[in-house]
>>> print(open('model.cif').read())   # mmCIF, C-alpha atoms
data_final
loop_
_atom_site.label_atom_id
_atom_site.label_comp_id
_atom_site.auth_asym_id
_atom_site.auth_seq_id
_atom_site.Cartn_x
_atom_site.Cartn_y
_atom_site.Cartn_z
CA MET A 164 -5.26 -4.41 48.44
CA ASN A 165 -7.71 -3.50 45.71
CA GLU A 166 -8.32 -6.32 43.21
CA ALA A 167 -7.62 -4.02 40.24
CA VAL A 168 -4.25 -3.05 41.75
CA LYS A 169 -3.42 -6.73 42.21
CA ALA A 170 -4.27 -7.43 38.57
CA TRP A 171 -2.00 -4.61 37.39
CA ALA A 172 0.78 -5.90 39.65
CA ILE A 173 0.52 -9.35 38.05
CA ALA A 174 0.59 -7.80 34.58
CA ARG A 175 3.68 -5.68 35.37
CA LEU A 176 5.45 -8.72 36.77
CA ASN A 177 4.93 -10.59 33.50
CA VAL A 178 6.44 -7.74 31.47
CA ARG A 179 9.47 -7.51 33.78
CA ARG A 180 10.02 -11.27 33.56
CA LEU A 181 10.16 -11.06 29.76
CA PHE A 182 12.96 -8.50 29.76
CA ARG A 183 14.96 -10.28 32.43
CA ASP A 184 15.47 -13.03 29.88
CA ARG A 185 18.19 -11.80 27.51
CA THR A 186 17.11 -14.16 24.73
CA GLY A 187 13.51 -13.00 25.00
CA ALA A 188 14.58 -9.35 25.04
CA PHE A 189 16.69 -9.88 21.90
CA PHE A 190 13.77 -11.41 19.98
CA VAL A 191 11.50 -8.55 21.06
CA LEU A 192 13.86 -5.58 20.70
CA VAL A 193 16.35 -6.48 17.96
CA PHE A 194 15.40 -9.48 15.84
CA PRO A 195 12.25 -8.01 14.21
CA PHE A 196 14.22 -5.03 12.90
CA LEU A 197 16.90 -7.27 11.41
CA ILE A 198 14.24 -9.20 9.50
CA ILE A 199 12.49 -6.02 8.34
CA LEU A 200 15.83 -4.58 7.19
CA ALA A 201 16.62 -7.74 5.21
CA LEU A 202 13.17 -7.86 3.57
CA GLY A 203 13.15 -4.15 2.79
CA ALA A 204 16.61 -4.26 1.26
CA THR A 205 15.65 -7.28 -0.84
CA PHE A 206 12.20 -6.23 -2.06
CA GLY A 207 12.24 -2.48 -1.54
CA GLY A 208 13.30 -1.74 -5.08
CA ALA A 209 15.09 1.46 -4.03
CA ALA A 210 18.57 0.36 -5.18
CA THR A 211 19.69 1.12 -8.74
CA PRO A 212 20.80 -2.06 -10.56
CA THR A 213 24.37 -2.17 -11.82
CA LEU A 214 25.33 -3.64 -15.19
CA GLY A 215 28.90 -4.56 -16.03
CA VAL A 216 29.81 -4.25 -19.73
CA VAL A 217 32.80 -5.62 -21.61
CA HIS A 218 33.21 -4.28 -25.17
CA ALA A 219 35.86 -3.39 -27.69
CA ASP A 220 36.64 0.26 -28.45
CA THR A 221 34.73 0.16 -31.74
CA PRO A 222 31.87 2.42 -32.90
CA ILE A 223 28.91 0.02 -32.83
CA ALA A 224 29.89 -1.74 -29.60
CA THR A 225 30.60 1.60 -27.91
CA ASP A 226 27.26 2.94 -29.14
CA LEU A 227 25.44 0.01 -27.48
CA ALA A 228 27.21 0.66 -24.17
CA GLU A 229 26.35 4.35 -24.39
CA ARG A 230 22.68 3.56 -25.03
CA LEU A 231 22.62 1.48 -21.86
CA ASP A 232 24.49 4.15 -19.93
CA ALA A 233 21.90 6.74 -20.95
CA LEU A 234 19.01 4.76 -19.45
CA ASP A 235 17.46 6.09 -16.26
CA GLY A 236 17.61 3.78 -13.27
CA LEU A 237 20.65 1.82 -14.48
CA ASP A 238 24.32 2.16 -13.56
CA VAL A 239 26.81 0.89 -16.15
CA GLU A 240 30.34 -0.13 -15.20
CA ARG A 241 32.89 -0.75 -17.96
CA SER A 242 35.19 -3.75 -17.62
CA ASP A 243 38.10 -4.98 -19.73
CA ASP A 244 38.03 -8.59 -18.58
CA ALA A 245 35.20 -11.00 -19.42
CA ASP A 246 36.33 -13.50 -16.78
CA GLY A 247 36.48 -10.76 -14.17
CA LEU A 248 32.96 -9.66 -15.10
CA ARG A 249 31.68 -13.23 -14.82
CA ASP A 250 33.23 -13.47 -11.35
CA ALA A 251 31.68 -10.13 -10.34
CA VAL A 252 28.23 -11.39 -11.38
CA GLU A 253 28.68 -14.63 -9.44
CA ARG A 254 29.73 -12.73 -6.30
CA GLY A 255 26.84 -10.28 -6.64
CA ALA A 256 29.12 -7.25 -7.11
CA VAL A 257 26.99 -6.35 -10.16
CA ASP A 258 23.42 -7.34 -10.96
CA GLY A 259 24.21 -8.44 -14.49
CA GLY A 260 26.92 -8.50 -17.11
CA LEU A 261 26.99 -7.90 -20.88
CA ILE A 262 29.86 -9.20 -22.99
CA VAL A 263 30.11 -7.73 -26.49
CA PRO A 264 32.55 -9.84 -28.55
CA ALA A 265 35.63 -8.22 -30.01
CA ASP A 266 34.53 -8.99 -33.59
CA HIS A 267 31.08 -7.47 -33.03
CA ASP A 268 31.57 -4.50 -35.40
CA ALA A 269 33.23 -6.64 -38.09
CA THR A 270 30.39 -9.18 -38.05
CA VAL A 271 27.71 -6.51 -38.22
CA GLY A 272 29.60 -4.57 -40.90
CA ALA A 273 29.80 -7.68 -43.06
CA GLY A 274 26.05 -8.14 -42.86
CA GLY A 275 26.14 -10.97 -40.35
CA THR A 276 24.33 -11.46 -37.08
CA ALA A 277 26.42 -10.72 -34.01
CA GLN A 278 25.67 -12.26 -30.63
CA VAL A 279 26.16 -10.63 -27.25
CA THR A 280 26.32 -12.60 -24.00
CA TYR A 281 24.27 -11.67 -20.95
CA LEU A 282 25.23 -12.94 -17.49
CA SER A 283 23.10 -12.90 -14.36
CA ARG A 284 22.25 -14.90 -11.30
CA PRO A 285 18.85 -16.67 -11.11
CA SER A 286 16.95 -13.79 -9.55
CA THR A 287 14.07 -11.48 -10.40
CA SER A 288 16.35 -8.46 -10.82
CA GLY A 289 18.52 -10.37 -13.29
CA ALA A 290 15.51 -11.27 -15.43
CA GLU A 291 14.22 -7.70 -15.39
CA LEU A 292 17.65 -6.34 -16.33
CA ARG A 293 17.79 -8.76 -19.27
CA LEU A 294 14.60 -7.24 -20.68
CA THR A 295 16.10 -3.76 -20.42
CA ILE A 296 19.23 -4.83 -22.29
CA ALA A 297 17.20 -6.65 -24.94
CA ALA A 298 15.20 -3.47 -25.60
CA SER A 299 18.39 -1.45 -26.18
CA VAL A 300 19.87 -4.17 -28.42
CA ASP A 301 16.64 -4.26 -30.46
CA GLN A 302 16.64 -0.48 -30.76
CA GLN A 303 20.17 -0.48 -32.10
CA GLY A 304 19.30 -3.41 -34.37
CA ILE A 305 16.51 -1.42 -36.02
CA GLU A 306 18.95 1.39 -36.73
CA LEU A 307 21.47 -1.06 -38.22
CA VAL A 308 18.83 -2.61 -40.50
CA ALA A 309 17.94 0.84 -41.78
CA ALA A 310 21.62 1.67 -42.29
CA ARG A 311 22.24 -1.53 -44.24
CA PHE A 312 19.29 -0.70 -46.49
CA LEU A 313 20.75 2.73 -47.25
CA VAL A 314 24.11 1.20 -48.12
CA SER A 315 22.54 -1.53 -50.29
CA GLU A 316 20.52 1.08 -52.20
CA GLY A 317 23.58 3.26 -52.76
CA LEU A 318 22.15 6.07 -50.65
CA ALA A 319 25.12 6.10 -48.28
CA GLY A 320 28.82 5.57 -48.89
CA SER A 321 29.57 3.65 -45.69
CA LEU A 322 27.85 1.94 -42.80
CA ASP A 323 28.91 4.69 -40.39
CA GLU A 324 27.45 7.36 -42.72
CA ALA A 325 24.25 5.32 -43.08
CA ARG A 326 23.96 4.88 -39.29
CA ALA A 327 24.25 8.64 -38.81
CA ALA A 328 21.51 9.22 -41.43
CA ALA A 329 19.25 6.60 -39.81
CA ARG A 330 19.78 8.15 -36.38
CA ASP A 331 18.97 11.60 -37.75
CA ALA A 332 15.79 10.28 -39.39
CA ALA A 333 14.78 8.63 -36.13
CA THR A 334 14.93 11.96 -34.31
CA ARG A 335 12.48 13.45 -36.81
CA THR A 336 10.07 10.51 -36.80
CA PRO A 337 6.82 11.08 -34.82
CA ARG A 338 6.99 9.21 -31.52
CA VAL A 339 4.48 7.84 -29.06
CA GLU A 340 5.42 8.66 -25.49
CA VAL A 341 4.32 6.35 -22.69
CA ASP A 342 4.16 7.61 -19.13
CA ALA A 343 4.68 4.73 -16.71
CA ALA A 344 3.87 5.07 -13.03
CA THR A 345 4.07 2.55 -10.22
CA ALA A 346 1.22 2.60 -7.74
CA GLY A 347 2.54 3.62 -4.36
CA SER A 348 5.88 4.76 -5.78
CA GLY A 349 5.79 7.79 -3.52
CA THR A 350 6.23 5.56 -0.50
CA ASN A 351 8.94 3.19 0.65
CA VAL A 352 6.92 0.21 -0.54
CA GLY A 353 9.46 -2.50 0.23
CA PHE A 354 10.02 -1.52 3.85
CA ASP A 355 6.35 -0.61 4.40
CA GLN A 356 5.02 -3.94 3.20
CA GLY A 357 7.77 -5.90 4.94
CA ALA A 358 7.21 -4.01 8.18
CA ALA A 359 3.46 -4.72 8.09
CA GLN A 360 4.03 -8.41 7.52
CA GLN A 361 6.66 -8.75 10.23
CA LEU A 362 4.58 -6.70 12.67
CA ILE A 363 1.86 -9.35 12.50
CA ALA A 364 4.29 -12.27 12.51
CA PHE A 365 6.28 -11.10 15.53
CA MET A 366 3.29 -9.98 17.57
CA PHE A 367 1.90 -13.50 17.32
CA LEU A 368 5.25 -15.22 17.87
CA THR A 369 6.00 -13.08 20.91
CA SER A 370 2.60 -13.78 22.39
CA LEU A 371 2.99 -17.56 22.01
CA SER A 372 6.51 -17.39 23.45
CA ALA A 373 5.15 -15.50 26.46
CA SER A 374 2.79 -18.39 27.17
CA SER A 375 5.74 -20.28 28.67
CA MET A 376 5.80 -17.82 31.58
CA LEU A 377 2.17 -18.67 32.29
CA ILE A 378 3.05 -22.36 32.45
CA GLU A 379 5.99 -21.71 34.78
CA THR A 380 3.75 -19.65 37.07
CA ARG A 381 1.43 -22.62 37.34
CA ARG A 382 4.15 -25.29 37.68
CA PHE A 383 6.12 -23.43 40.34
CA GLY A 384 3.02 -22.98 42.45
CA VAL A 385 2.86 -19.18 42.11
CA SER A 386 -0.78 -19.37 41.06
CA ARG A 387 -1.63 -21.53 44.09
CA ARG A 388 0.07 -19.11 46.47
CA MET A 389 -1.77 -16.17 44.92
CA LEU A 390 -5.08 -17.97 45.37
CA ALA A 391 -4.14 -18.87 48.94
CA SER A 392 -3.90 -15.13 49.64
CA PRO A 393 -6.99 -12.91 49.66
CA THR A 394 -6.95 -12.85 45.85
CA ARG A 395 -9.78 -13.97 43.63
CA ALA A 396 -9.32 -16.38 40.77
CA SER A 397 -10.80 -13.75 38.47
CA THR A 398 -8.10 -11.29 39.56
CA VAL A 399 -5.35 -13.74 38.68
CA LEU A 400 -7.04 -14.41 35.36
CA VAL A 401 -7.36 -10.72 34.54
CA GLY A 402 -3.78 -10.02 35.63
CA GLU A 403 -2.29 -12.82 33.51
CA THR A 404 -4.40 -11.78 30.53
CA LEU A 405 -3.32 -8.15 30.88
CA GLY A 406 0.28 -9.29 31.13
CA ARG A 407 0.06 -11.19 27.84
CA PHE A 408 -1.76 -8.26 26.22
CA ALA A 409 0.84 -5.76 27.44
CA ILE A 410 3.67 -7.86 26.02
CA VAL A 411 2.01 -8.16 22.61
CA LEU A 412 1.18 -4.44 22.46
CA LEU A 413 4.71 -3.57 23.52
CA GLN A 414 6.07 -5.68 20.68
CA GLY A 415 3.72 -4.00 18.20
CA ALA A 416 4.52 -0.49 19.45
CA LEU A 417 8.27 -1.12 19.26
CA ILE A 418 8.03 -2.29 15.67
CA VAL A 419 5.83 0.63 14.60
CA VAL A 420 7.97 3.29 16.31
CA GLY A 421 11.26 1.62 15.41
CA THR A 422 10.46 1.22 11.71
CA THR A 423 9.17 4.78 11.54
CA VAL A 424 12.38 6.17 13.00
CA LEU A 425 14.94 3.78 11.47
CA PHE A 426 13.43 3.03 8.05
CA ARG A 427 11.00 5.95 7.63
CA VAL A 428 8.08 3.59 7.19
CA ASP A 429 4.80 5.41 6.63
CA TRP A 430 2.07 3.45 8.41
CA GLY A 431 -0.67 5.32 6.57
CA ASN A 432 -3.89 5.89 8.48
CA PRO A 433 -2.85 5.90 12.17
CA LEU A 434 -6.32 5.09 13.50
CA THR A 435 -6.73 2.03 11.30
CA THR A 436 -3.23 0.82 12.15
CA ALA A 437 -3.86 1.29 15.88
CA ILE A 438 -7.16 -0.63 15.76
CA VAL A 439 -5.57 -3.50 13.85
CA ILE A 440 -2.75 -3.69 16.40
CA LEU A 441 -5.19 -3.68 19.31
CA LEU A 442 -7.43 -6.36 17.81
CA PHE A 443 -4.56 -8.56 16.71
CA GLY A 444 -3.01 -8.05 20.12
CA LEU A 445 -6.17 -9.55 21.61
CA VAL A 446 -5.92 -12.43 19.14
CA GLY A 447 -2.35 -13.10 20.23
CA THR A 448 -3.32 -12.77 23.89
CA GLY A 449 -6.10 -15.33 23.51
CA ALA A 450 -3.76 -17.75 21.72
CA ALA A 451 -1.09 -17.32 24.41
CA MET A 452 -3.59 -17.92 27.24
CA LEU A 453 -4.88 -20.98 25.41
CA PHE A 454 -1.37 -22.39 25.03
CA GLY A 455 -0.55 -21.60 28.65
CA SER A 456 -3.67 -23.42 29.83
CA VAL A 457 -3.32 -26.55 27.69
CA LEU A 458 0.43 -27.25 27.54
CA ARG A 459 2.25 -28.82 30.46
CA ASN A 460 5.75 -27.32 30.40
CA ALA A 461 7.68 -24.35 29.02
CA ALA A 462 9.67 -26.49 26.58
CA GLN A 463 6.46 -27.57 24.88
CA ALA A 464 5.27 -23.97 24.73
CA GLY A 465 8.57 -22.78 23.28
CA GLY A 466 8.86 -25.42 20.57
CA LEU A 467 5.21 -25.69 19.63
CA GLY A 468 4.71 -21.92 19.88
CA VAL A 469 7.47 -21.18 17.38
CA PHE A 470 6.25 -23.93 15.05
CA VAL A 471 2.61 -22.82 15.12
CA GLY A 472 3.59 -19.16 14.88
CA LEU A 473 5.78 -19.71 11.81
CA VAL A 474 3.26 -21.97 10.07
CA LEU A 475 0.42 -19.47 10.57
CA ALA A 476 2.72 -16.62 9.51
CA ALA A 477 3.61 -18.45 6.29
CA LEU A 478 -0.01 -19.38 5.54
CA GLY A 479 -1.26 -15.91 6.45
CA GLY A 480 1.02 -13.97 4.10
CA CYS A 481 3.74 -12.80 6.51
CA MET A 482 6.50 -14.46 4.46
CA VAL A 483 5.19 -13.95 0.92
CA PRO A 484 2.67 -11.25 -0.08
CA LEU A 485 -0.87 -12.59 -0.38
CA GLU A 486 -1.21 -11.32 -3.95
CA LEU A 487 1.42 -13.87 -5.01
CA PHE A 488 -0.63 -16.77 -3.62
CA PRO A 489 -2.59 -19.02 -6.01
CA PRO A 490 -6.38 -18.56 -5.61
CA ALA A 491 -6.78 -21.78 -3.62
CA MET A 492 -3.96 -20.88 -1.23
CA GLU A 493 -5.32 -17.38 -0.81
CA ARG A 494 -8.60 -18.87 0.42
CA VAL A 495 -6.63 -21.09 2.82
CA ALA A 496 -4.68 -18.04 4.01
CA HIS A 497 -7.87 -16.34 5.12
CA VAL A 498 -8.52 -19.14 7.58
CA THR A 499 -5.80 -17.47 9.68
CA PRO A 500 -6.24 -14.13 11.47
CA HIS A 501 -2.89 -13.06 10.02
CA ALA A 502 -4.30 -12.67 6.50
CA TRP A 503 -7.12 -10.42 7.70
CA ALA A 504 -4.74 -8.29 9.75
CA ILE A 505 -2.27 -7.91 6.88
CA GLY A 506 -5.10 -7.04 4.51
CA ALA A 507 -6.29 -4.29 6.85
CA LEU A 508 -2.75 -2.98 7.39
CA THR A 509 -2.03 -2.96 3.66
CA ASP A 510 -5.13 -0.85 3.09
CA ALA A 511 -4.12 1.38 6.00
CA LEU A 512 -0.76 2.00 4.30
CA GLU A 513 -2.73 3.47 1.41
CA GLY A 514 -4.76 5.68 3.74
CA ALA A 515 -7.86 3.51 4.27
CA GLY A 516 -9.93 4.39 7.34
CA PRO A 517 -11.54 1.94 9.79
CA VAL A 518 -14.82 2.01 7.86
CA ASP A 519 -13.01 0.94 4.68
CA VAL A 520 -11.63 -2.17 6.38
CA ALA A 521 -14.63 -2.85 8.62
CA SER A 522 -15.00 -6.45 7.40
CA ASP A 523 -11.35 -7.23 8.20
CA LEU A 524 -11.68 -5.67 11.64
CA ALA A 525 -14.89 -7.58 12.33
CA VAL A 526 -13.21 -10.90 11.51
CA LEU A 527 -10.26 -10.04 13.78
CA ALA A 528 -12.67 -9.15 16.58
CA GLY A 529 -14.40 -12.50 16.10
CA TYR A 530 -11.10 -14.37 16.32
CA ALA A 531 -10.14 -12.43 19.45
CA ALA A 532 -13.47 -13.07 21.16
CA ALA A 533 -13.43 -16.80 20.39
CA LEU A 534 -9.86 -17.30 21.57
CA LEU A 535 -10.28 -15.22 24.74
CA VAL A 536 -13.50 -17.00 25.74
CA ALA A 537 -11.94 -20.44 25.19
CA ALA A 538 -8.76 -19.40 27.03
CA THR A 539 -10.71 -17.94 29.94
CA VAL A 540 -12.69 -21.14 30.46
CA LEU A 541 -9.62 -23.39 30.26
CA PHE A 542 -7.37 -21.18 32.38
CA ARG A 543 -9.98 -20.77 35.12
CA ARG A 544 -10.41 -24.55 35.17
CA THR A 545 -6.62 -24.96 35.42
CA LEU A 546 -6.44 -22.47 38.29
CA THR A 547 -9.20 -24.04 40.32
CA ARG A 548 -7.85 -27.52 39.74
CA GLY A 549 -4.36 -26.44 40.76
CA ALA A 550 -5.73 -24.77 43.89
#
>>> encode(input="model.cif", output="structure tokens")
Amino acid sequence: MNEAVKAWAIARLNVRRLFRDRTGAFFVLVFPFLIILALGATFGGAATPTLGVVHADTPIATDLAERLDALDGLDVERSDDADGLRDAVERGAVDGGLIVPADHDATVGAGGTAQVTYLSRPSTSGAELRLTIAASVDQQGIELVAARFLVSEGLAGSLDEARAAARDAATRTPRVEVDAATAGSGTNVGFDQGAAQQLIAFMFLTSLSASSMLIETRRFGVSRRMLASPTRASTVLVGETLGRFAIVLLQGALIVVGTTVLFRVDWGNPLTTAIVILLFGLVGTGAAMLFGSVLRNAAQAGGLGVFVGLVLAALGGCMVPLELFPPAMERVAHVTPHAWAIGALTDALEGAGPVDVASDLAVLAGYAAALLVAATVLFRRTLTRGA
């Protein structure tokens, strides 16, 4: 049999062995999409926040609720029960709650300072919603100050009449309009970024997990029997390497295709994305071959592989975006190949071509070459020693 055919046969066997294991198939086919769905739903920013409001049926309190209701990107739900609203905030049924006291209009009408209560959970969305509410409260407060001035100067007979005059004057006052735009708002940023991060994390985790099959092949004497046949050591080496590479590429392709179909992720420049996947696939292949050559049993490979994979994923920006890292930690992150791959993929999402991310690709190629050379030397030594 031709040596190339033998190498392909060894590679195909490795892929089939992965999918015979139901646990392995779950972590390759299902688990990455569950993580991407969770991250995209959390950080995607596509959902409209909901604010629960409790207020009396009085003019000023109602006006505040209507101001909030008129804001774009905010859903307002009226509630009659402050305790029920507090419970809804605690359960996450609404993103925040605003309680306007029953004596709000009377306090303001008497010239006092009324206080409203804002409720939220300790989250980023709750803090952002608080700023939105504060802006509306301040806007109404400016109108009330103007109305009180009109009443005090005898220019209006009542606070309601003065509020109407202040509101009419505000419509005729020259305004400065600010156009705000979010970079990348035309794309599904949350799912795109989360998918890119998890693509890198799971490609590496899957490759390290697949190293256990290499150890079992050696321990069960399969490698010795292959070498006892008219098969060269180099053929076994190439076949096992191709098997690891095929598994990593399959994981990457499934995530790219699956996220495109299920979550409509736009992977940007397809050529850049493909090159990053190929190079990082070689990085994962080299790491898997290295683990399979050094470790003694599959249990070690499983436990240590998951540990190393998660640590490198966390350091490399697969858990938290690199732009949130302190400067010192960002430099540490770039010791890992993950950070360079995520950087290239992030640029690819914005349409960057291979030339634009040439430095990232060069570093990934260097990692791949170093790991593959080291793995080749160690695995060949393991094969010959076992034979």
>>> residues_around(input="model.cif", residues="segment 211-218 of chain A", least_positions_apart="4", cutoff="8 Å", atoms="only C-alpha atoms", output="ChimeraX atom specification")
/A:224-225,228,236-245,248,257-265,288,292
>>> resolve_selection(input="model.cif", expression="the PyMOL selection byres ((chain A and resi 490-505) around 7)", output="ChimeraX atom specification")
/A:359-360,363,439,443,475-476,478-480,485,488-489,506-509,523,527,530
>>> resolve_selection(input="model.cif", expression="the PyMOL selection byres ((chain A and resi 542) around 8)", output="ChimeraX atom specification")
/A:400,452-453,455-456,538-541,543-546
>>> resolve_selection(input="model.cif", expression="the PyMOL selection byres ((chain A and resi 433) around 10)", output="list in words")
Asp429, Trp430, Gly431, Asn432, Leu434, Thr435, Thr436, Ala437, Ile438, Val439, Ala511, Leu512, Gly514, Ala515, Gly516 and Pro517 of chain A
>>> closest_residue(input="model.cif", among="A:Ile296, A:Arg230, A:Ala251, A:Asp510", to="Leu524 of chain A", atoms="all atoms listed in the file")
A:Asp510
>>> closest_residue(input="model.cif", among="A:Leu458, A:Val483, A:Leu227, A:Val536", to="Gln302 of chain A", atoms="all atoms listed in the file")
A:Leu227
>>> atom_distance(input="model.cif", atom1="atom CA of Leu473 of chain A", atom2="atom CA of Ser522 of chain A")
25.0 Å
>>> atom_distance(input="model.cif", atom1="atom CA of Phe365 of chain A", atom2="atom CA of Val178 of chain A")
16.3 Å
>>> atom_distance(input="model.cif", atom1="atom CA of Ala328 of chain A", atom2="atom CA of Tyr281 of chain A")
29.4 Å
>>> residues_around(input="model.cif", residues="Lys169 of chain A", least_positions_apart="5", cutoff="10 Å", atoms="only C-alpha atoms", output="list in words")
Met164, Ala174, Arg175, Met389, Thr394, Arg395, Thr398, Val399, Val401 and Gly402 of chain A
>>> closest_residue(input="model.cif", among="A:Ala409, A:Val252, A:Val518, A:Val469", to="Leu176 of chain A", atoms="only C-alpha atoms")
A:Ala409
>>> closest_residue(input="model.cif", among="A:Val300, A:Val411, A:Ala416, A:Ala329", to="Glu229 of chain A", atoms="only C-alpha atoms")
A:Val300
>>> residues_around(input="model.cif", residues="segment 273-277 of chain A", least_positions_apart="2", cutoff="12 Å", atoms="all atoms listed in the file", output="PyMOL selection string")
chain A and resi 223-224+262-271+279-280+300+304+307-308+310-312+314-315+321-322
>>> residues_around(input="model.cif", residues="Ala464 of chain A", least_positions_apart="3", cutoff="8 Å", atoms="only C-alpha atoms", output="NGL selection string")
:A and (371-372 or 374-375 or 454-455 or 458 or 460-461 or 467-468)
>>> decode(input="model.cif", residues="segment 395-410 of chain A", atoms="C-alpha atoms", output="short mmCIF file (atom, residue, chain, number, x, y, z; two decimals), in the first residue's frame")
data_model
loop_
_atom_site.label_atom_id
_atom_site.label_comp_id
_atom_site.auth_asym_id
_atom_site.auth_seq_id
_atom_site.Cartn_x
_atom_site.Cartn_y
_atom_site.Cartn_z
CA ARG A 395 7.59 3.68 7.99
CA ALA A 396 7.83 5.65 11.20
CA SER A 397 7.49 8.81 9.15
CA THR A 398 4.18 7.54 7.74
CA VAL A 399 2.80 6.96 11.23
CA LEU A 400 4.02 10.40 12.25
CA VAL A 401 2.41 12.09 9.26
CA GLY A 402 -0.83 10.14 9.71
CA GLU A 403 -1.16 11.02 13.40
CA THR A 404 -0.33 14.65 12.68
CA LEU A 405 -2.92 14.82 9.89
CA GLY A 406 -5.46 13.23 12.22
CA ARG A 407 -4.93 15.91 14.86
CA PHE A 408 -5.01 18.64 12.19
CA ALA A 409 -8.23 17.28 10.67
CA ILE A 410 -9.94 17.25 14.07
#
